[in-house]
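The data block below is target_24.cif; it holds mmCIF, C-alpha atoms.
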```cif
data_run
loop_
_atom_site.label_atom_id
_atom_site.label_comp_id
_atom_site.auth_asym_id
_atom_site.auth_seq_id
_atom_site.Cartn_x
_atom_site.Cartn_y
_atom_site.Cartn_z
CA MET A 2 91.55 117.11 134.67
CA TYR A 3 94.30 116.76 132.09
CA ALA A 4 98.05 116.60 132.55
CA ARG A 5 100.24 119.45 131.33
CA ARG A 6 100.49 120.03 127.60
CA LEU A 7 103.32 118.32 125.72
CA ASP A 8 104.39 119.87 122.43
CA LEU A 9 106.17 117.64 119.90
CA SER A 10 108.01 118.69 116.76
CA VAL A 11 106.88 116.57 113.80
CA GLY A 12 108.29 118.64 110.94
CA ALA A 13 106.80 121.10 108.50
CA LEU A 14 103.08 121.43 107.72
CA PRO A 15 101.35 118.80 109.89
CA LYS A 16 97.88 118.67 108.36
CA SER A 17 95.96 115.68 109.71
CA LEU A 18 96.30 112.82 112.17
CA ALA A 19 94.86 109.44 113.08
CA VAL A 20 95.13 107.15 116.12
CA ALA A 21 95.73 103.39 115.98
CA ASP A 22 97.98 100.68 117.43
CA ILE A 23 100.61 100.83 114.68
CA ASP A 24 103.34 98.71 116.27
CA GLY A 25 101.19 96.00 117.87
CA ASP A 26 102.05 96.81 121.49
CA LYS A 27 98.36 97.27 122.41
CA ARG A 28 98.87 100.98 123.03
CA PRO A 29 97.50 103.70 120.75
CA ASP A 30 99.97 105.50 118.52
CA VAL A 31 99.47 108.70 116.55
CA LEU A 32 100.12 109.07 112.83
CA VAL A 33 100.61 112.54 111.39
CA ALA A 34 100.46 113.41 107.68
CA ARG A 35 102.56 116.39 106.65
CA ALA A 36 101.28 118.37 103.64
CA THR A 37 104.64 118.92 101.96
CA GLY A 38 105.28 118.49 98.24
CA ASN A 39 106.03 114.77 98.53
CA GLY A 40 104.12 114.32 101.77
CA ALA A 41 105.45 112.64 104.87
CA LEU A 42 104.10 110.27 107.51
CA VAL A 43 105.25 110.59 111.12
CA GLN A 44 104.54 108.16 113.98
CA ILE A 45 104.34 109.34 117.58
CA SER A 46 104.78 106.56 120.13
CA PRO A 47 106.32 106.09 123.59
CA ASN A 48 109.61 104.19 123.51
CA SER A 49 110.71 101.52 126.01
CA SER A 50 111.70 104.16 128.58
CA GLY A 51 108.41 105.99 128.27
CA MET A 52 109.72 108.90 126.23
CA ILE A 53 107.51 110.05 123.37
CA THR A 54 109.52 110.48 120.19
CA PRO A 55 108.23 111.34 116.71
CA ILE A 56 109.60 108.99 114.04
CA LEU A 57 109.58 109.72 110.31
CA LEU A 58 108.15 106.58 108.68
CA ASN A 59 107.79 107.56 105.05
CA GLY A 60 108.97 110.75 103.32
CA SER A 61 107.07 110.23 100.07
CA ILE A 62 103.39 109.47 100.56
CA GLY A 63 101.78 111.73 97.92
CA ASP A 64 101.58 115.29 96.65
CA THR A 65 100.37 117.58 99.46
CA PRO A 66 98.25 115.17 101.54
CA TYR A 67 95.46 117.01 103.37
CA GLY A 68 93.57 114.06 104.84
CA LEU A 69 94.61 110.84 106.61
CA VAL A 70 92.66 107.73 107.59
CA VAL A 71 93.69 104.32 108.95
CA ALA A 72 92.07 100.90 108.40
CA ASP A 73 93.02 97.34 107.51
CA PHE A 74 92.48 97.74 103.78
CA ASP A 75 94.08 94.45 102.67
CA GLY A 76 92.70 92.23 105.45
CA ASP A 77 96.06 91.05 106.78
CA GLY A 78 95.38 92.16 110.36
CA ALA A 79 97.82 95.09 110.24
CA VAL A 80 96.95 98.77 110.19
CA ASP A 81 97.18 100.45 106.78
CA ALA A 82 96.77 104.13 105.94
CA ALA A 83 95.37 106.27 103.13
CA VAL A 84 95.96 109.93 102.41
CA ALA A 85 94.04 112.44 100.29
CA ASN A 86 96.55 114.19 98.03
CA PHE A 87 94.99 117.56 97.29
CA LEU A 88 97.48 118.85 94.73
CA GLY A 89 98.25 115.35 93.45
CA GLY A 90 94.56 114.85 92.73
CA ASN A 91 94.42 111.29 94.03
CA VAL A 92 94.50 108.99 97.05
CA SER A 93 97.52 106.98 98.18
CA ALA A 94 96.99 103.75 100.14
CA LEU A 95 100.02 102.84 102.26
CA TYR A 96 100.77 99.28 103.35
CA GLY A 97 103.42 97.19 105.10
CA SER A 98 106.23 97.94 107.51
CA GLY A 99 106.69 101.67 107.80
CA PHE A 100 103.83 102.11 105.32
CA ALA A 101 106.47 101.79 102.62
CA THR A 102 104.29 100.16 99.94
CA ARG A 103 102.17 102.73 98.12
CA SER A 104 99.27 102.33 95.71
CA ASP A 105 97.54 105.37 94.13
CA PHE A 106 93.93 105.53 92.95
CA GLY A 107 91.03 107.94 92.43
CA ASP A 108 92.87 110.19 89.94
CA GLY A 109 91.56 113.65 89.16
CA ALA A 110 89.50 114.47 92.24
CA HIS A 111 91.73 116.91 94.21
CA PRO A 112 90.46 115.47 97.52
CA ILE A 113 90.73 117.56 100.67
CA ALA A 114 89.47 114.95 103.18
CA LEU A 115 88.63 111.26 103.28
CA VAL A 116 86.94 108.61 105.40
CA ALA A 117 87.00 104.80 105.42
CA GLY A 118 84.08 102.45 105.96
CA ASP A 119 82.43 99.37 104.51
CA VAL A 120 79.69 101.01 102.43
CA ASN A 121 78.78 97.94 100.34
CA SER A 122 78.78 95.37 103.20
CA ASP A 123 81.44 93.07 101.71
CA GLY A 124 83.66 93.12 104.80
CA ARG A 125 86.30 95.41 103.26
CA PRO A 126 86.77 99.10 104.17
CA ASP A 127 86.13 101.42 101.24
CA VAL A 128 87.48 104.96 100.84
CA LEU A 129 85.35 108.07 100.30
CA THR A 130 86.78 111.49 99.48
CA ALA A 131 85.56 115.08 99.71
CA ASN A 132 86.44 116.70 96.39
CA GLN A 133 86.37 120.48 96.61
CA VAL A 134 87.20 121.19 92.98
CA ASN A 135 84.17 119.41 91.52
CA ASN A 136 81.88 119.76 94.59
CA SER A 137 81.45 116.03 95.05
CA VAL A 138 81.98 113.05 97.30
CA GLY A 139 83.87 110.24 95.58
CA VAL A 140 83.28 106.58 96.45
CA ASN A 141 86.20 104.19 95.87
CA LEU A 142 85.13 100.58 96.52
CA ASN A 143 87.73 98.20 97.91
CA LEU A 144 88.09 95.29 95.47
CA GLY A 145 90.58 93.34 97.59
CA ASN A 146 94.22 92.46 96.83
CA ARG A 147 95.16 96.10 97.48
CA MET A 148 93.03 97.34 94.60
CA PHE A 149 90.25 99.93 94.52
CA GLY A 150 87.61 100.42 91.87
CA ALA A 151 87.10 103.50 89.71
CA ARG A 152 85.88 106.50 91.67
CA VAL A 153 82.15 107.25 91.47
CA ASP A 154 81.25 110.87 92.25
CA TYR A 155 78.05 112.16 93.85
CA ALA A 156 77.14 115.86 93.95
CA ALA A 157 77.55 117.05 97.53
CA GLY A 158 77.16 120.84 97.43
CA ALA A 159 79.70 123.64 97.25
CA ALA A 160 83.25 122.76 98.31
CA PRO A 161 82.66 119.87 100.74
CA GLY A 162 85.16 119.61 103.58
CA ALA A 163 85.11 117.10 106.43
CA LEU A 164 83.32 113.75 105.99
CA ILE A 165 81.92 111.14 108.34
CA LEU A 166 80.02 107.89 107.75
CA GLY A 167 77.21 106.53 109.85
CA ALA A 168 73.67 105.13 109.94
CA THR A 169 71.61 108.29 110.38
CA ASP A 170 68.33 106.46 109.79
CA GLY A 171 67.51 104.00 112.56
CA ALA A 172 65.23 102.10 110.18
CA ARG A 173 68.22 101.23 107.97
CA PRO A 174 71.07 100.53 110.41
CA SER A 175 73.05 98.44 107.92
CA ARG A 176 73.38 101.28 105.39
CA LEU A 177 76.04 103.90 105.94
CA ASP A 178 75.08 107.45 105.04
CA ILE A 179 77.58 110.18 104.16
CA VAL A 180 77.63 113.42 106.15
CA ALA A 181 79.59 116.19 104.44
CA ALA A 182 80.45 119.56 105.95
CA LEU A 183 79.78 122.50 103.61
CA PRO A 184 81.61 125.43 105.23
CA SER A 185 80.74 127.98 102.55
CA LEU A 186 77.01 127.21 102.94
CA ASN A 187 77.03 126.98 106.78
CA LYS A 188 75.44 123.55 106.77
CA LEU A 189 75.87 119.77 106.68
CA ARG A 190 74.55 117.56 103.89
CA ILE A 191 73.50 113.94 104.47
CA LEU A 192 73.63 111.69 101.41
CA THR A 193 71.56 108.60 102.16
CA GLY A 194 72.94 105.18 101.33
CA GLN A 195 70.97 103.29 98.67
CA GLY A 196 72.65 99.93 99.26
CA GLY A 197 75.57 98.25 97.51
CA GLY A 198 77.84 101.24 98.10
CA THR A 199 75.70 103.60 96.01
CA TYR A 200 74.24 107.01 96.87
CA SER A 201 71.87 109.48 95.26
CA ASP A 202 72.52 113.03 94.05
CA THR A 203 68.88 113.89 94.68
CA GLN A 204 68.09 112.15 97.97
CA PHE A 205 69.76 114.20 100.67
CA VAL A 206 69.02 116.18 103.81
CA ASP A 207 70.57 119.58 104.59
CA LEU A 208 71.09 120.74 108.17
CA ALA A 209 71.87 124.36 109.07
CA VAL A 210 74.53 124.27 111.78
CA GLY A 211 75.99 127.76 111.96
CA LYS A 212 79.01 129.44 110.45
CA SER A 213 81.67 127.46 108.56
CA PRO A 214 81.49 123.90 109.99
CA ALA A 215 85.00 122.47 109.83
CA GLY A 216 84.82 119.10 111.60
CA MET A 217 82.36 116.49 112.82
CA ALA A 218 82.03 113.40 114.98
CA MET A 219 79.19 110.91 115.31
CA ALA A 220 78.03 109.12 118.46
CA ASP A 221 74.82 108.03 120.18
CA ALA A 222 74.32 111.12 122.34
#
```

Show how you would write the structure in this file as structure tokens.
Amino acid sequence: MYARRLDLSVGALPKSLAVADIDGDKRPDVLVARATGNGALVQISPNSSGMITPILLNGSIGDTPYGLVVADFDGDGAVDAAVANFLGGNVSALYGSGFATRSDFGDGAHPIALVAGDVNSDGRPDVLTANQVNNSVGVNLNLGNRMFGARVDYAAGAAPGALILGATDGARPSRLDIVAALPSLNKLRILTGQGGGTYSDTQFVDLAVGKSPAGMAMADA
């Protein structure tokens, strides 16, 4: 049983969200990315009296961010964020107090979604994007010192949407595969990891899942 619904106003065009302990109080907070022209990042957390109040953290995170992911990208122990700027055609990584420090990368992709994970096993979370304009998944390797390498694109099928990462092959548990939702084709596509953060345009598995898959989750069911 769930408690009654609580609606919160977070401003115009909330597009994506992520959950993490942003303020270090050992309680989960919610981050919301708003897909406005300059983008905005809103934190939802209970205050000292238990009231839940949305707080605008950053009113300029990128041009029309459609996707949001959180991870410790710079290895300092604090939560960072990254957003996929669909109209801006890039990714913005956001660091520091209030996510005020911004670094853009991955120019030209028009990403609609993104996911973070260590795809080359170097201990740093990398960023992968679903790029609807050129029908690809882009891999941006984390080089450290708040820098990402040049995006490498892999053909993923028509207009990929949601992405997840996981070891779909039990014989290769250390390699993360990409699962991309292809709503226009009514299927999922699995791009198998080749090691070192690389993938193959030709080695994939397609799964028919029904009409217009829009989201995914992975677990040992």

Picked residues, the PyMOL selection byres ((chain A and resi 167) around 6), as a compact mmCIF listing (two decimals) with C-alpha atoms, keeping the file's coordinate frame:
```txt
# COMPACT_ATOMS: atom_id res chain seq x y z
CA LEU A 166 80.02 107.89 107.75
CA ALA A 168 73.67 105.13 109.94
CA THR A 169 71.61 108.29 110.38
CA LEU A 177 76.04 103.90 105.94
CA ASP A 178 75.08 107.45 105.04
```

For this file, the PyMOL selection byres ((chain A and resi 76) around 9) selects which residues, as a compact mmCIF listing (two decimals) with C-alpha atoms, in the coordinates of the input?
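Printed below is expr30.txt as written:
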```txt
# COMPACT_ATOMS: atom_id res chain seq x y z
CA ASP A 73 93.02 97.34 107.51
CA PHE A 74 92.48 97.74 103.78
CA ASP A 75 94.08 94.45 102.67
CA ASP A 77 96.06 91.05 106.78
CA GLY A 78 95.38 92.16 110.36
CA ALA A 79 97.82 95.09 110.24
CA ARG A 125 86.30 95.41 103.26
CA GLY A 145 90.58 93.34 97.59
CA ASN A 146 94.22 92.46 96.83
```

Practice problem: Considering all atoms listed in the file, return as a list of chain:residue names whatever protein or nucleic-acid residues lie within 9 Å of Met148 of chain A, sequence-local ones (same chain, fewer than 3 positions apart) excluded. | Solution: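 In the requested format, the answer is A:Asp75, A:Ser104, A:Phe106, A:Leu142, A:Asn143, A:Leu144, A:Gly145.
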
Exercise. Please indicate the distance in Å from atom CA of Gly68 of chain A to atom CA of Thr199 of chain A, rounded to one decimal place.
Key: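 Interatomic distance here is 22.5 Å.
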
Quiz item: Of the candidates A:Tyr3, A:Phe100, A:Phe87, A:Tyr67, which shows the shortest atom-to-atom distance to Ile23 of chain A, using all atoms listed in the file?
Solution: A:Phe100

Quiz prompt | Among listed residues A:Thr130, A:Ser98, A:Asn136, A:Ser50, nearest Leu164 of chain A (using only C-alpha atoms) | solution =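 Smallest separation from Leu164 of chain A among the options: A:Thr130.
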
Self-check item: Nearest candidate to Ala110 of chain A (options A:Pro29, A:Gly139, A:Pro174, A:Gly162; using only C-alpha atoms)
Solution: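 Of A:Pro29, A:Gly139, A:Pro174, A:Gly162, the one nearest Ala110 of chain A is A:Gly139, counting only C-alpha atoms.
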
Practice problem: For the structure shown, which residues end up in the PyMOL selection byres ((chain A and resi 54) around 6)? Put them as a VMD selection string, please? | Solution: chain A and resid 45 53 55

Self-check item: Top pick for closest residue to Val180 of chain A, considering A:Val71, A:Ile165, A:Val134, A:Ile113 and counting only C-alpha atoms
Solution: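 Of A:Val71, A:Ile165, A:Val134, A:Ile113, the one nearest Val180 of chain A, counting only C-alpha atoms, is A:Ile165.
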
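What separates atom CA of Val84 of chain A from atom CA of Ile62 of chain A is a distance of 7.7 Å.
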
Can you list, as a PDB file with C-alpha atoms, in the frame of the given file, every protein, DNA or RNA residue that comes within 8 Å of His111 of chain A when you count only C-alpha atoms, leaving out same-chain residues fewer than 4 positions away?
```pdb
ATOM      1  CA  ALA A  85      94.040 112.440 100.290  1.00  0.00           C
ATOM      2  CA  ASN A  86      96.550 114.190  98.030  1.00  0.00           C
ATOM      3  CA  PHE A  87      94.990 117.560  97.290  1.00  0.00           C
ATOM      4  CA  LEU A  88      97.480 118.850  94.730  1.00  0.00           C
ATOM      5  CA  GLY A  89      98.250 115.350  93.450  1.00  0.00           C
ATOM      6  CA  GLY A  90      94.560 114.850  92.730  1.00  0.00           C
ATOM      7  CA  ASN A  91      94.420 111.290  94.030  1.00  0.00           C
ATOM      8  CA  ASN A 132      86.440 116.700  96.390  1.00  0.00           C
ATOM      9  CA  GLN A 133      86.370 120.480  96.610  1.00  0.00           C
ATOM     10  CA  VAL A 134      87.200 121.190  92.980  1.00  0.00           C
TER      11      VAL A 134
END
```

Quiz item: Suppose you want the space between atom CA of Asn141 of chain A and atom CA of Ala34 of chain A; what is it in Å?
Solution: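 Taking atom CA of Asn141 of chain A and atom CA of Ala34 of chain A, their separation equals 20.7 Å.
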
Practice problem: Give the answer as one residue: which of A:Asp119, A:Asp24, A:Asp127, A:Asp221 has the shortest atom-to-atom distance to Ala94 of chain A, using all atoms listed in the file? | Solution: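 Nearest candidate to Ala94 of chain A out of A:Asp119, A:Asp24, A:Asp127, A:Asp221: A:Asp127.
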